[in-house]
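One file, start_11.cif, is given below (mmCIF, C-alpha atoms and all ligand atoms).
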data_coords
loop_
_atom_site.group_PDB
_atom_site.id
_atom_site.type_symbol
_atom_site.label_atom_id
_atom_site.label_comp_id
_atom_site.auth_asym_id
_atom_site.auth_seq_id
_atom_site.Cartn_x
_atom_site.Cartn_y
_atom_site.Cartn_z
ATOM 1 C CA MET A 1 27.163 -42.107 -108.465
ATOM 2 C CA PRO A 2 27.155 -45.829 -107.824
ATOM 3 C CA THR A 3 30.201 -47.446 -109.361
ATOM 4 C CA THR A 4 29.168 -49.310 -112.452
ATOM 5 C CA THR A 5 30.223 -52.927 -112.170
ATOM 6 C CA SER A 6 29.519 -55.998 -114.183
ATOM 7 C CA SER A 7 27.328 -57.127 -111.293
ATOM 8 C CA SER A 8 24.183 -56.274 -113.215
ATOM 9 C CA SER A 9 24.653 -59.805 -114.442
ATOM 10 C CA TRP A 10 23.820 -61.997 -111.451
ATOM 11 C CA SER A 11 25.830 -65.017 -112.534
ATOM 12 C CA ASP A 12 28.358 -64.689 -109.721
ATOM 13 C CA VAL A 13 25.895 -63.571 -107.058
ATOM 14 C CA PRO A 14 25.039 -66.163 -104.397
ATOM 15 C CA LEU A 15 21.370 -66.962 -103.910
ATOM 16 C CA PRO A 16 19.851 -65.450 -100.760
ATOM 17 C CA VAL A 17 19.322 -67.855 -97.901
ATOM 18 C CA SER A 18 15.954 -68.281 -96.245
ATOM 19 C CA VAL A 19 16.185 -68.035 -92.458
ATOM 20 C CA GLY A 20 13.043 -68.996 -90.526
ATOM 21 C CA GLY A 21 10.977 -68.177 -93.599
ATOM 22 C CA HIS A 22 12.597 -64.727 -93.992
ATOM 23 C CA LEU A 23 15.069 -64.003 -96.717
ATOM 24 C CA GLU A 24 18.406 -62.643 -95.641
ATOM 25 C CA GLN A 25 19.576 -59.233 -96.739
ATOM 26 C CA VAL A 26 20.744 -58.568 -100.267
ATOM 27 C CA SER A 27 24.461 -59.233 -100.649
ATOM 28 C CA ASP A 28 26.851 -56.375 -101.412
ATOM 29 C CA ALA A 29 26.982 -57.435 -105.069
ATOM 30 C CA GLN A 30 23.195 -57.576 -105.278
ATOM 31 C CA MET A 31 22.927 -54.186 -103.595
ATOM 32 C CA GLN A 32 25.287 -52.750 -106.205
ATOM 33 C CA ALA A 33 23.341 -54.321 -109.064
ATOM 34 C CA TYR A 34 20.001 -52.951 -107.812
ATOM 35 C CA ALA A 35 21.578 -49.528 -107.195
ATOM 36 C CA ASP A 36 23.018 -49.513 -110.736
ATOM 37 C CA LEU A 37 19.666 -50.437 -112.257
ATOM 38 C CA ILE A 38 17.810 -47.768 -110.261
ATOM 39 C CA TYR A 39 20.443 -45.178 -111.150
ATOM 40 C CA ARG A 40 20.424 -45.998 -114.863
ATOM 41 C CA ARG A 41 16.660 -45.797 -115.097
ATOM 42 C CA THR A 42 15.845 -42.911 -112.762
ATOM 43 C CA GLY A 43 19.029 -41.009 -111.852
ATOM 44 C CA ILE A 44 18.237 -41.780 -108.192
ATOM 45 C CA HIS A 45 21.311 -42.566 -106.115
ATOM 46 C CA VAL A 46 20.808 -45.338 -103.558
ATOM 47 C CA SER A 47 23.756 -45.515 -101.194
ATOM 48 C CA PRO A 48 25.210 -48.908 -100.173
ATOM 49 C CA GLN A 49 24.257 -48.054 -96.570
ATOM 50 C CA LYS A 50 20.609 -48.541 -97.543
ATOM 51 C CA LYS A 51 21.045 -52.326 -97.720
ATOM 52 C CA THR A 52 18.658 -53.121 -94.883
ATOM 53 C CA LEU A 53 16.067 -50.710 -96.202
ATOM 54 C CA LEU A 54 16.291 -52.068 -99.749
ATOM 55 C CA SER A 55 16.118 -55.653 -98.453
ATOM 56 C CA ASN A 56 12.971 -54.897 -96.437
ATOM 57 C CA ARG A 57 11.315 -53.168 -99.370
ATOM 58 C CA LEU A 58 12.278 -55.977 -101.728
ATOM 59 C CA ARG A 59 10.797 -58.592 -99.382
ATOM 60 C CA ARG A 60 7.420 -56.882 -99.812
ATOM 61 C CA ARG A 61 7.722 -57.153 -103.585
ATOM 62 C CA LEU A 62 8.721 -60.836 -103.348
ATOM 63 C CA ARG A 63 5.670 -61.513 -101.176
ATOM 64 C CA ASN A 64 3.405 -59.700 -103.625
ATOM 65 C CA THR A 65 4.768 -61.294 -106.777
ATOM 66 C CA GLY A 66 5.482 -64.783 -105.417
ATOM 67 C CA ILE A 67 9.034 -64.518 -106.762
ATOM 68 C CA GLU A 68 11.340 -66.435 -104.458
ATOM 69 C CA SER A 69 14.714 -64.713 -104.477
ATOM 70 C CA PHE A 70 16.272 -61.281 -104.795
ATOM 71 C CA GLU A 71 18.147 -62.645 -107.803
ATOM 72 C CA ASP A 72 15.013 -63.788 -109.653
ATOM 73 C CA TYR A 73 13.230 -60.551 -108.819
ATOM 74 C CA PHE A 74 16.158 -58.577 -110.231
ATOM 75 C CA LYS A 75 16.091 -60.611 -113.462
ATOM 76 C CA HIS A 76 12.344 -59.974 -113.719
ATOM 77 C CA LEU A 77 12.713 -56.249 -112.964
ATOM 78 C CA LYS A 78 15.386 -55.744 -115.606
ATOM 79 C CA LYS A 79 12.969 -56.870 -118.329
ATOM 80 C CA LEU A 80 10.155 -54.515 -117.328
ATOM 81 C CA SER A 81 9.348 -51.267 -119.115
ATOM 82 C CA PRO A 82 8.962 -48.069 -117.027
ATOM 83 C CA SER A 83 5.200 -48.253 -117.540
ATOM 84 C CA ASP A 84 4.908 -51.797 -116.178
ATOM 85 C CA PRO A 85 2.850 -51.892 -112.934
ATOM 86 C CA GLU A 86 5.490 -54.035 -111.187
ATOM 87 C CA TRP A 87 8.286 -51.610 -112.087
ATOM 88 C CA ASP A 88 6.093 -48.828 -110.717
ATOM 89 C CA ALA A 89 5.369 -50.783 -107.536
ATOM 90 C CA PHE A 90 9.114 -51.288 -107.052
ATOM 91 C CA LEU A 91 9.732 -47.592 -107.697
ATOM 92 C CA GLN A 92 7.078 -46.667 -105.137
ATOM 93 C CA GLU A 93 9.002 -48.743 -102.597
ATOM 94 C CA ILE A 94 12.264 -46.903 -103.158
ATOM 95 C CA THR A 95 10.999 -43.320 -103.463
ATOM 96 C CA THR A 96 9.293 -41.030 -100.966
ATOM 97 C CA HIS A 97 6.004 -39.509 -102.010
ATOM 98 C CA GLU A 98 5.620 -37.290 -98.948
ATOM 99 C CA THR A 99 3.751 -34.174 -100.036
ATOM 100 C CA TYR A 100 0.872 -31.969 -98.875
ATOM 101 C CA LEU A 101 -0.970 -28.883 -99.992
ATOM 102 C CA PHE A 102 0.614 -25.511 -99.170
ATOM 103 C CA ARG A 103 3.895 -27.176 -98.180
ATOM 104 C CA ASP A 104 6.410 -24.381 -97.428
ATOM 105 C CA GLU A 105 3.808 -21.738 -96.607
ATOM 106 C CA ALA A 106 6.137 -18.748 -97.136
ATOM 107 C CA GLN A 107 6.553 -19.696 -100.797
ATOM 108 C CA TRP A 108 2.770 -19.909 -101.308
ATOM 109 C CA ASP A 109 2.263 -16.549 -99.606
ATOM 110 C CA TRP A 110 4.736 -15.076 -102.060
ATOM 111 C CA PHE A 111 3.032 -16.885 -104.987
ATOM 112 C CA ARG A 112 -0.470 -15.681 -104.088
ATOM 113 C CA LYS A 113 0.284 -12.190 -102.846
ATOM 114 C CA SER A 114 3.233 -11.152 -104.973
ATOM 115 C CA PHE A 115 3.867 -13.288 -108.046
ATOM 116 C CA LEU A 116 0.260 -13.651 -109.266
ATOM 117 C CA PRO A 117 -0.821 -9.977 -108.843
ATOM 118 C CA ASP A 118 2.429 -8.840 -110.534
ATOM 119 C CA PHE A 119 1.938 -11.342 -113.358
ATOM 120 C CA VAL A 120 -1.649 -10.137 -113.941
ATOM 121 C CA SER A 121 -0.526 -6.472 -114.005
ATOM 122 C CA HIS A 122 2.280 -7.291 -116.426
ATOM 123 C CA VAL A 123 -0.091 -9.126 -118.803
ATOM 124 C CA GLN A 124 -2.594 -6.251 -118.669
ATOM 125 C CA ASP A 125 -0.041 -3.456 -119.064
ATOM 126 C CA ALA A 126 1.736 -5.176 -121.957
ATOM 127 C CA HIS A 127 -1.583 -6.241 -123.583
ATOM 128 C CA LEU A 128 -0.456 -9.877 -123.622
ATOM 129 C CA PRO A 129 -2.818 -12.846 -123.987
ATOM 130 C CA LYS A 130 -4.357 -13.858 -120.632
ATOM 131 C CA ARG A 131 -2.431 -17.040 -120.257
ATOM 132 C CA LEU A 132 -0.379 -18.690 -117.472
ATOM 133 C CA ARG A 133 1.617 -21.917 -117.752
ATOM 134 C CA VAL A 134 2.911 -23.677 -114.627
ATOM 135 C CA TRP A 135 4.913 -26.908 -114.225
ATOM 136 C CA SER A 136 4.839 -28.907 -111.019
ATOM 137 C CA ALA A 137 7.824 -31.189 -111.666
ATOM 138 C CA ALA A 138 7.969 -34.369 -109.533
ATOM 139 C CA CYS A 139 4.434 -33.602 -108.377
ATOM 140 C CA SER A 140 3.880 -36.870 -106.494
ATOM 141 C CA THR A 141 0.122 -37.165 -105.802
ATOM 142 C CA GLY A 142 -0.629 -33.699 -107.179
ATOM 143 C CA ASP A 143 -0.855 -31.683 -103.958
ATOM 144 C CA GLU A 144 1.513 -28.989 -105.281
ATOM 145 C CA ALA A 145 -0.328 -28.604 -108.615
ATOM 146 C CA ILE A 146 -3.695 -28.341 -106.857
ATOM 147 C CA THR A 147 -2.188 -25.764 -104.483
ATOM 148 C CA VAL A 148 -1.157 -23.743 -107.552
ATOM 149 C CA ALA A 149 -4.698 -24.014 -108.955
ATOM 150 C CA ALA A 150 -6.326 -22.888 -105.676
ATOM 151 C CA CYS A 151 -3.952 -19.900 -105.463
ATOM 152 C CA VAL A 152 -4.607 -18.973 -109.095
ATOM 153 C CA ALA A 153 -8.385 -19.196 -108.638
ATOM 154 C CA SER A 154 -8.242 -16.975 -105.558
ATOM 155 C CA ALA A 155 -5.710 -14.403 -106.816
ATOM 156 C CA ILE A 156 -6.608 -13.832 -110.481
ATOM 157 C CA PRO A 157 -9.741 -11.703 -110.933
ATOM 158 C CA ASN A 158 -12.149 -13.110 -113.515
ATOM 159 C CA VAL A 159 -9.955 -16.210 -113.845
ATOM 160 C CA SER A 160 -12.403 -17.874 -116.258
ATOM 161 C CA ALA A 161 -11.256 -15.367 -118.924
ATOM 162 C CA TRP A 162 -7.718 -16.789 -118.618
ATOM 163 C CA LYS A 163 -6.139 -19.860 -120.134
ATOM 164 C CA ILE A 164 -4.534 -21.563 -117.132
ATOM 165 C CA GLU A 165 -2.379 -24.628 -117.791
ATOM 166 C CA ILE A 166 -0.885 -26.376 -114.752
ATOM 167 C CA VAL A 167 1.068 -29.470 -115.773
ATOM 168 C CA GLY A 168 2.027 -31.970 -113.049
ATOM 169 C CA THR A 169 4.554 -34.694 -113.859
ATOM 170 C CA ASP A 170 6.055 -37.531 -111.827
ATOM 171 C CA ILE A 171 7.983 -40.693 -112.583
ATOM 172 C CA GLY A 172 5.454 -42.768 -110.631
ATOM 173 C CA VAL A 173 2.507 -44.028 -112.676
ATOM 174 C CA GLY A 174 0.449 -44.710 -109.537
ATOM 175 C CA ALA A 175 1.249 -41.265 -108.130
ATOM 176 C CA VAL A 176 0.076 -39.612 -111.360
ATOM 177 C CA GLU A 177 -3.159 -41.641 -111.368
ATOM 178 C CA GLN A 178 -3.853 -40.553 -107.811
ATOM 179 C CA ALA A 179 -3.040 -36.945 -108.729
ATOM 180 C CA ARG A 180 -5.688 -37.050 -111.463
ATOM 181 C CA SER A 181 -8.357 -37.929 -108.900
ATOM 182 C CA ALA A 182 -7.605 -34.683 -106.955
ATOM 183 C CA VAL A 183 -8.666 -36.306 -103.688
ATOM 184 C CA PHE A 184 -6.827 -35.527 -100.442
ATOM 185 C CA GLY A 185 -6.912 -36.751 -96.865
ATOM 186 C CA GLU A 186 -7.087 -34.474 -93.818
ATOM 187 C CA ARG A 187 -3.342 -34.621 -93.243
ATOM 188 C CA ALA A 188 -2.619 -33.370 -96.771
ATOM 189 C CA MET A 189 -5.192 -30.584 -96.272
ATOM 190 C CA ARG A 190 -3.970 -29.350 -92.897
ATOM 191 C CA LEU A 191 -2.233 -26.173 -94.146
ATOM 192 C CA VAL A 192 -4.882 -25.111 -96.671
ATOM 193 C CA PRO A 193 -6.202 -21.665 -95.634
ATOM 194 C CA LYS A 194 -9.797 -22.125 -94.411
ATOM 195 C CA ASP A 195 -11.288 -19.680 -96.918
ATOM 196 C CA LEU A 196 -9.668 -21.525 -99.822
ATOM 197 C CA GLN A 197 -10.691 -24.907 -98.422
ATOM 198 C CA GLN A 198 -14.321 -23.804 -98.302
ATOM 199 C CA LYS A 199 -14.290 -22.237 -101.745
ATOM 200 C CA TYR A 200 -12.354 -24.790 -103.772
ATOM 201 C CA PHE A 201 -12.776 -28.184 -102.067
ATOM 202 C CA GLN A 202 -15.728 -30.290 -101.040
ATOM 203 C CA MET A 203 -15.738 -32.928 -98.333
ATOM 204 C CA ALA A 204 -16.785 -36.405 -99.373
ATOM 205 C CA LYS A 205 -19.768 -37.638 -97.360
ATOM 206 C CA ASP A 206 -18.935 -39.841 -94.352
ATOM 207 C CA ALA A 207 -15.227 -39.657 -94.983
ATOM 208 C CA LYS A 208 -12.516 -37.271 -93.980
ATOM 209 C CA ILE A 209 -11.560 -36.866 -97.579
ATOM 210 C CA TRP A 210 -11.541 -33.707 -99.639
ATOM 211 C CA GLN A 211 -12.131 -33.427 -103.361
ATOM 212 C CA ALA A 212 -10.925 -30.441 -105.388
ATOM 213 C CA LYS A 213 -13.873 -28.773 -107.143
ATOM 214 C CA PRO A 214 -14.187 -29.215 -110.928
ATOM 215 C CA GLU A 215 -12.992 -25.674 -111.738
ATOM 216 C CA ILE A 216 -9.746 -26.382 -109.828
ATOM 217 C CA LYS A 217 -9.248 -29.816 -111.363
ATOM 218 C CA ALA A 218 -9.887 -28.391 -114.841
ATOM 219 C CA MET A 219 -6.769 -26.203 -114.625
ATOM 220 C CA THR A 220 -4.517 -29.230 -114.138
ATOM 221 C CA THR A 221 -3.257 -32.104 -116.271
ATOM 222 C CA PHE A 222 -0.978 -34.872 -115.036
ATOM 223 C CA ARG A 223 1.387 -37.173 -116.873
ATOM 224 C CA GLN A 224 4.143 -39.638 -116.175
ATOM 225 C CA HIS A 225 7.614 -38.262 -116.884
ATOM 226 C CA ASN A 226 11.175 -39.032 -115.845
ATOM 227 C CA LEU A 227 13.065 -35.800 -115.100
ATOM 228 C CA MET A 228 16.229 -37.390 -116.480
ATOM 229 C CA GLU A 229 14.616 -36.978 -119.914
ATOM 230 C CA PRO A 230 13.495 -33.792 -121.680
ATOM 231 C CA LEU A 231 9.775 -33.046 -121.379
ATOM 232 C CA ARG A 232 8.022 -32.275 -124.647
ATOM 233 C CA GLU A 233 6.131 -29.121 -123.683
ATOM 234 C CA ARG A 234 6.100 -25.434 -124.470
ATOM 235 C CA PRO A 235 7.962 -23.187 -121.968
ATOM 236 C CA PHE A 236 6.415 -22.433 -118.588
ATOM 237 C CA ASP A 237 6.054 -19.060 -116.828
ATOM 238 C CA ILE A 238 6.862 -20.675 -113.499
ATOM 239 C CA THR A 239 8.154 -24.125 -112.545
ATOM 240 C CA PHE A 240 8.119 -25.768 -109.118
ATOM 241 C CA LEU A 241 10.928 -28.284 -108.590
ATOM 242 C CA LYS A 242 10.819 -29.135 -104.917
ATOM 243 C CA ASN A 243 11.934 -31.955 -102.654
ATOM 244 C CA VAL A 244 13.185 -34.211 -105.425
ATOM 245 C CA LEU A 245 16.770 -33.111 -106.106
ATOM 246 C CA ILE A 246 17.773 -34.724 -102.791
ATOM 247 C CA TYR A 247 17.530 -38.131 -104.471
ATOM 248 C CA PHE A 248 20.108 -37.361 -107.127
ATOM 249 C CA ASP A 249 23.893 -37.241 -107.193
ATOM 250 C CA ALA A 250 25.692 -34.259 -108.794
ATOM 251 C CA THR A 251 25.575 -35.741 -112.318
ATOM 252 C CA SER A 252 21.848 -36.519 -112.233
ATOM 253 C CA LYS A 253 21.078 -33.200 -110.572
ATOM 254 C CA ARG A 254 22.793 -31.345 -113.412
ATOM 255 C CA LYS A 255 20.901 -33.346 -116.029
ATOM 256 C CA VAL A 256 17.555 -32.778 -114.300
ATOM 257 C CA LEU A 257 18.221 -29.055 -113.979
ATOM 258 C CA ASP A 258 19.265 -28.794 -117.637
ATOM 259 C CA ASN A 259 15.983 -30.458 -118.641
ATOM 260 C CA VAL A 260 13.970 -28.187 -116.368
ATOM 261 C CA LYS A 261 15.808 -24.983 -117.285
ATOM 262 C CA ALA A 262 15.183 -25.647 -120.978
ATOM 263 C CA LEU A 263 11.465 -25.138 -120.312
ATOM 264 C CA VAL A 264 11.650 -21.965 -118.217
ATOM 265 C CA ALA A 265 10.407 -19.136 -120.456
ATOM 266 C CA PRO A 266 12.681 -16.083 -120.809
ATOM 267 C CA GLY A 267 11.952 -13.981 -117.711
ATOM 268 C CA GLY A 268 10.235 -17.021 -116.165
ATOM 269 C CA LEU A 269 10.811 -18.347 -112.643
ATOM 270 C CA LEU A 270 12.037 -21.544 -111.021
ATOM 271 C CA VAL A 271 10.976 -22.351 -107.446
ATOM 272 C CA ALA A 272 13.205 -24.875 -105.677
ATOM 273 C CA GLY A 273 13.053 -26.429 -102.225
ATOM 274 C CA ALA A 274 14.258 -24.103 -99.477
ATOM 275 C CA ALA A 275 17.477 -26.021 -98.779
ATOM 276 C CA GLU A 276 18.279 -27.926 -101.942
ATOM 277 C CA GLY A 277 21.627 -26.344 -102.780
ATOM 278 C CA VAL A 278 20.911 -25.512 -106.411
ATOM 279 C CA SER A 279 22.649 -22.133 -106.702
ATOM 280 C CA ASP A 280 25.832 -23.611 -108.233
ATOM 281 C CA LEU A 281 23.787 -25.213 -110.987
ATOM 282 C CA LEU A 282 21.758 -22.089 -111.688
ATOM 283 C CA LYS A 283 24.551 -19.596 -112.271
ATOM 284 C CA ASP A 284 22.940 -18.541 -115.573
ATOM 285 C CA PHE A 285 19.752 -17.561 -113.688
ATOM 286 C CA VAL A 286 19.262 -14.571 -111.379
ATOM 287 C CA ARG A 287 18.965 -15.612 -107.715
ATOM 288 C CA ILE A 288 16.054 -13.729 -106.132
ATOM 289 C CA GLN A 289 15.798 -15.889 -102.984
ATOM 290 C CA PRO A 290 17.727 -19.038 -102.005
ATOM 291 C CA TRP A 291 14.688 -20.902 -103.413
ATOM 292 C CA LEU A 292 13.707 -18.566 -106.278
ATOM 293 C CA TYR A 293 15.554 -18.085 -109.582
ATOM 294 C CA GLN A 294 14.727 -16.119 -112.730
ATOM 295 C CA ARG A 295 15.801 -16.852 -116.263
ATOM 296 C CA PRO A 296 17.128 -13.656 -117.868
ATOM 297 C CA GLU A 297 14.906 -12.222 -120.649
HETATM 298 C C1 LIG A 301 8.995 -36.097 -101.897
HETATM 299 S S1 LIG A 301 8.067 -36.091 -103.377
HETATM 300 C C2 LIG A 301 7.973 -34.331 -103.688
HETATM 301 C C3 LIG A 301 6.576 -33.911 -104.100
HETATM 302 C C4 LIG A 301 6.377 -32.399 -104.263
HETATM 303 N N1 LIG A 301 7.249 -31.838 -105.280
HETATM 304 C C5 LIG A 301 6.555 -31.684 -102.940
HETATM 305 O O1 LIG A 301 7.543 -30.956 -102.784
HETATM 306 O O2 LIG A 301 5.710 -31.827 -102.054
HETATM 307 C C6 LIG A 301 9.308 -36.629 -104.558
HETATM 308 C C7 LIG A 301 8.729 -37.144 -105.861
HETATM 309 O O3 LIG A 301 9.792 -37.208 -106.812
HETATM 310 C C8 LIG A 301 9.481 -38.244 -107.724
HETATM 311 N N2 LIG A 301 10.681 -38.607 -108.504
HETATM 312 C C9 LIG A 301 11.799 -39.243 -108.076
HETATM 313 N N3 LIG A 301 12.662 -39.404 -109.106
HETATM 314 C C10 LIG A 301 12.085 -38.847 -110.195
HETATM 315 C C11 LIG A 301 12.488 -38.698 -111.550
HETATM 316 N N4 LIG A 301 13.644 -39.173 -112.004
HETATM 317 N N5 LIG A 301 11.639 -38.073 -112.395
HETATM 318 C C12 LIG A 301 10.451 -37.586 -111.960
HETATM 319 N N6 LIG A 301 10.017 -37.714 -110.696
HETATM 320 C C13 LIG A 301 10.827 -38.333 -109.813
HETATM 321 C C14 LIG A 301 8.967 -39.355 -106.811
HETATM 322 O O4 LIG A 301 8.180 -40.287 -107.535
HETATM 323 C C15 LIG A 301 8.159 -38.556 -105.775
HETATM 324 O O5 LIG A 301 6.787 -38.520 -106.091
#
Rendering of file as structure tokens:
Amino acid sequence: MPTTTSSSSWSDVPLPVSVGGHLEQVSDAQMQAYADLIYRRTGIHVSPQKKTLLSNRLRRRLRNTGIESFEDYFKHLKKLSPSDPEWDAFLQEITTHETYLFRDEAQWDWFRKSFLPDFVSHVQDAHLPKRLRVWSAACSTGDEAITVAACVASAIPNVSAWKIEIVGTDIGVGAVEQARSAVFGERAMRLVPKDLQQKYFQMAKDAKIWQAKPEIKAMTTFRQHNLMEPLRERPFDITFLKNVLIYFDATSKRKVLDNVKALVAPGGLLVAGAAEGVSDLLKDFVRIQPWLYQRPE
């Protein structure tokens, strides 16, 4: 966790110098103040070694906003609400949105060929309502949620008789807007099995862009949400929480997992990234795989 200092007030921070039209790097005190602000608002830990990276990213924001110094930009940033487009643009600069459909193929094989058929049998045998709720937490541009929808459509017989609710959430407003469009480039589509691509996506004319078909889109909803805060939703049968915990320190990780665990239904599952080291924080869940945990009934 970044040490909290009084440096979130910039009064003692020297103004950055302009060298040949380029601003110098943020000072150590400025770095600390930005890191504190990011940590307080998002739980994301930015290490002091990222000074060059942060400086480069900040320069882009200065160019775009016309604000002249790191100090003035910080003052401006501090006043913005999480839904402000400039806060979001800043957030986009400091987070990675890397994602693609069917990322971690072994997990999707398990989801399609094991989890979904077992879930359907369980619902039928126990005469439960035909209903499945899935959370794609930190969904970025929606690739994971749309992957869930394509798997569900292909693996659940007579899926139109089911109530399928796939909720994608991300802290990035822009990411969520893009997710709602359900449009993907060729790179994002590269691991989609060909039969599913043909059935559930259509290629936009004259562009190497794929659009999820309406029946796939209709299973999903997307909303902005910070994982450091509880999500107001009913429990989910299965939650995907992948490739996001890496941004957090131990304290934030615990908070995020507490928020996520609170919405795993009894007997429900949590899918984590393959190497995210969550087992210590999931001791109250049953470990089925290093990336798969079940909440006891
Ligand atoms: C690398 S992407 C992972 C996308 C997807 N889960 C996957 O595995 O392909 C990480 C996402 O985490 C989001 N994120 C970072 N901090 C967050 C927070 N505090 N709350 C919610 N989302 C956050 C970022 O905006 C980014 O879209």
Expected answer as number ranges by chain: residues within 9 Å of ligand LIG 301 (chain A), all atoms listed in the file: A: 41-44, 91-92, 94-104, 136-145, 169-173, 175-176, 224-229, 240-248, 252, 256, 272-273
Residues near A:Pro193, cut-off 12 Å, all atoms listed in the file, skip fewer than 5 positions along chain, as number ranges by chain: A: 101-103, 105, 108-109, 112, 147, 150-151, 154, 198-201
Two-atom distance - atom CA of A:Pro235, atom CA of A:Leu269 (Å):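 Calculated distance between atom CA of A:Pro235 and atom CA of A:Leu269 is 10.9 Å.
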Exercise: A:Val264 partners within 12 Å, all atoms listed in the file, chain neighbours under 4 positions left out, as a PyMOL selection string: chain A and resi 133-135+137+231+233-241+257-260+268-271+285+293-297
Expected answer as a PyMOL selection string: all residues with atoms within 8 Å of (17.6, -59.3, -99.2), only C-alpha atoms: chain A and resi 16+23-27+51-52+54-56+58-59+70
Prev. selection, C-alpha atoms, output as a short mmCIF file (atom, residue, chain, number, x, y, z; two decimals), in the coordinates of the input:
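Written file, selection06.cif:
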data_model
loop_
_atom_site.label_atom_id
_atom_site.label_comp_id
_atom_site.auth_asym_id
_atom_site.auth_seq_id
_atom_site.Cartn_x
_atom_site.Cartn_y
_atom_site.Cartn_z
CA PRO A 16 19.85 -65.45 -100.76
CA LEU A 23 15.07 -64.00 -96.72
CA GLU A 24 18.41 -62.64 -95.64
CA GLN A 25 19.58 -59.23 -96.74
CA VAL A 26 20.74 -58.57 -100.27
CA SER A 27 24.46 -59.23 -100.65
CA LYS A 51 21.04 -52.33 -97.72
CA THR A 52 18.66 -53.12 -94.88
CA LEU A 54 16.29 -52.07 -99.75
CA SER A 55 16.12 -55.65 -98.45
CA ASN A 56 12.97 -54.90 -96.44
CA LEU A 58 12.28 -55.98 -101.73
CA ARG A 59 10.80 -58.59 -99.38
CA PHE A 70 16.27 -61.28 -104.80
#
Atom-to-atom span, atom CA of A:Lys208 and atom CA of A:Thr221, Å: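 Spanning atom CA of A:Lys208 to atom CA of A:Thr221 is a straight-line distance of 24.7 Å.
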Selected residue of minimal separation from A:Gln211 among A:Gln178, A:Ser69, A:Ser47, A:Gln289, counting all atoms listed in the file: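 Closest to A:Gln211 of all the choices is A:Gln178.
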Expected answer as a VMD selection string: all residues with atoms within 12 Å of (-3.5, -13.7, -118.0), only C-alpha atoms: chain A and resid 116 to 133 152 to 153 155 to 165 237
Mind dumping the selected residues with C-alpha atoms as a PDB file, in the frame of the given file?
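Output below, filename selection-v8.pdb:
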ATOM      1  CA  LEU A 116       0.260 -13.651-109.266  1.00  0.00           C
ATOM      2  CA  PRO A 117      -0.821  -9.977-108.843  1.00  0.00           C
ATOM      3  CA  ASP A 118       2.429  -8.840-110.534  1.00  0.00           C
ATOM      4  CA  PHE A 119       1.938 -11.342-113.358  1.00  0.00           C
ATOM      5  CA  VAL A 120      -1.649 -10.137-113.941  1.00  0.00           C
ATOM      6  CA  SER A 121      -0.526  -6.472-114.005  1.00  0.00           C
ATOM      7  CA  HIS A 122       2.280  -7.291-116.426  1.00  0.00           C
ATOM      8  CA  VAL A 123      -0.091  -9.126-118.803  1.00  0.00           C
ATOM      9  CA  GLN A 124      -2.594  -6.251-118.669  1.00  0.00           C
ATOM     10  CA  ASP A 125      -0.041  -3.456-119.064  1.00  0.00           C
ATOM     11  CA  ALA A 126       1.736  -5.176-121.957  1.00  0.00           C
ATOM     12  CA  HIS A 127      -1.583  -6.241-123.583  1.00  0.00           C
ATOM     13  CA  LEU A 128      -0.456  -9.877-123.622  1.00  0.00           C
ATOM     14  CA  PRO A 129      -2.818 -12.846-123.987  1.00  0.00           C
ATOM     15  CA  LYS A 130      -4.357 -13.858-120.632  1.00  0.00           C
ATOM     16  CA  ARG A 131      -2.431 -17.040-120.257  1.00  0.00           C
ATOM     17  CA  LEU A 132      -0.379 -18.690-117.472  1.00  0.00           C
ATOM     18  CA  ARG A 133       1.617 -21.917-117.752  1.00  0.00           C
ATOM     19  CA  VAL A 152      -4.607 -18.973-109.095  1.00  0.00           C
ATOM     20  CA  ALA A 153      -8.385 -19.196-108.638  1.00  0.00           C
ATOM     21  CA  ALA A 155      -5.710 -14.403-106.816  1.00  0.00           C
ATOM     22  CA  ILE A 156      -6.608 -13.832-110.481  1.00  0.00           C
ATOM     23  CA  PRO A 157      -9.741 -11.703-110.933  1.00  0.00           C
ATOM     24  CA  ASN A 158     -12.149 -13.110-113.515  1.00  0.00           C
ATOM     25  CA  VAL A 159      -9.955 -16.210-113.845  1.00  0.00           C
ATOM     26  CA  SER A 160     -12.403 -17.874-116.258  1.00  0.00           C
ATOM     27  CA  ALA A 161     -11.256 -15.367-118.924  1.00  0.00           C
ATOM     28  CA  TRP A 162      -7.718 -16.789-118.618  1.00  0.00           C
ATOM     29  CA  LYS A 163      -6.139 -19.860-120.134  1.00  0.00           C
ATOM     30  CA  ILE A 164      -4.534 -21.563-117.132  1.00  0.00           C
ATOM     31  CA  GLU A 165      -2.379 -24.628-117.791  1.00  0.00           C
ATOM     32  CA  ASP A 237       6.054 -19.060-116.828  1.00  0.00           C
TER      33      ASP A 237
END
Nearest to A:Ser181, chosen from A:Ala204, A:Leu37, A:Ile166, A:Lys217, with only C-alpha atoms counted in the distances: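 Smallest separation from A:Ser181 among the options: A:Lys217.
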Separation of atom CA of A:Lys75 from atom CA of A:Ala35, in Å and rounded to one decimal: 13.9 Å
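When all atoms listed in the file are used to measure the gap to A:Asp36, the shortest distance among A:Phe74, A:Ser279, A:Arg57, A:Val286 belongs to A:Phe74.
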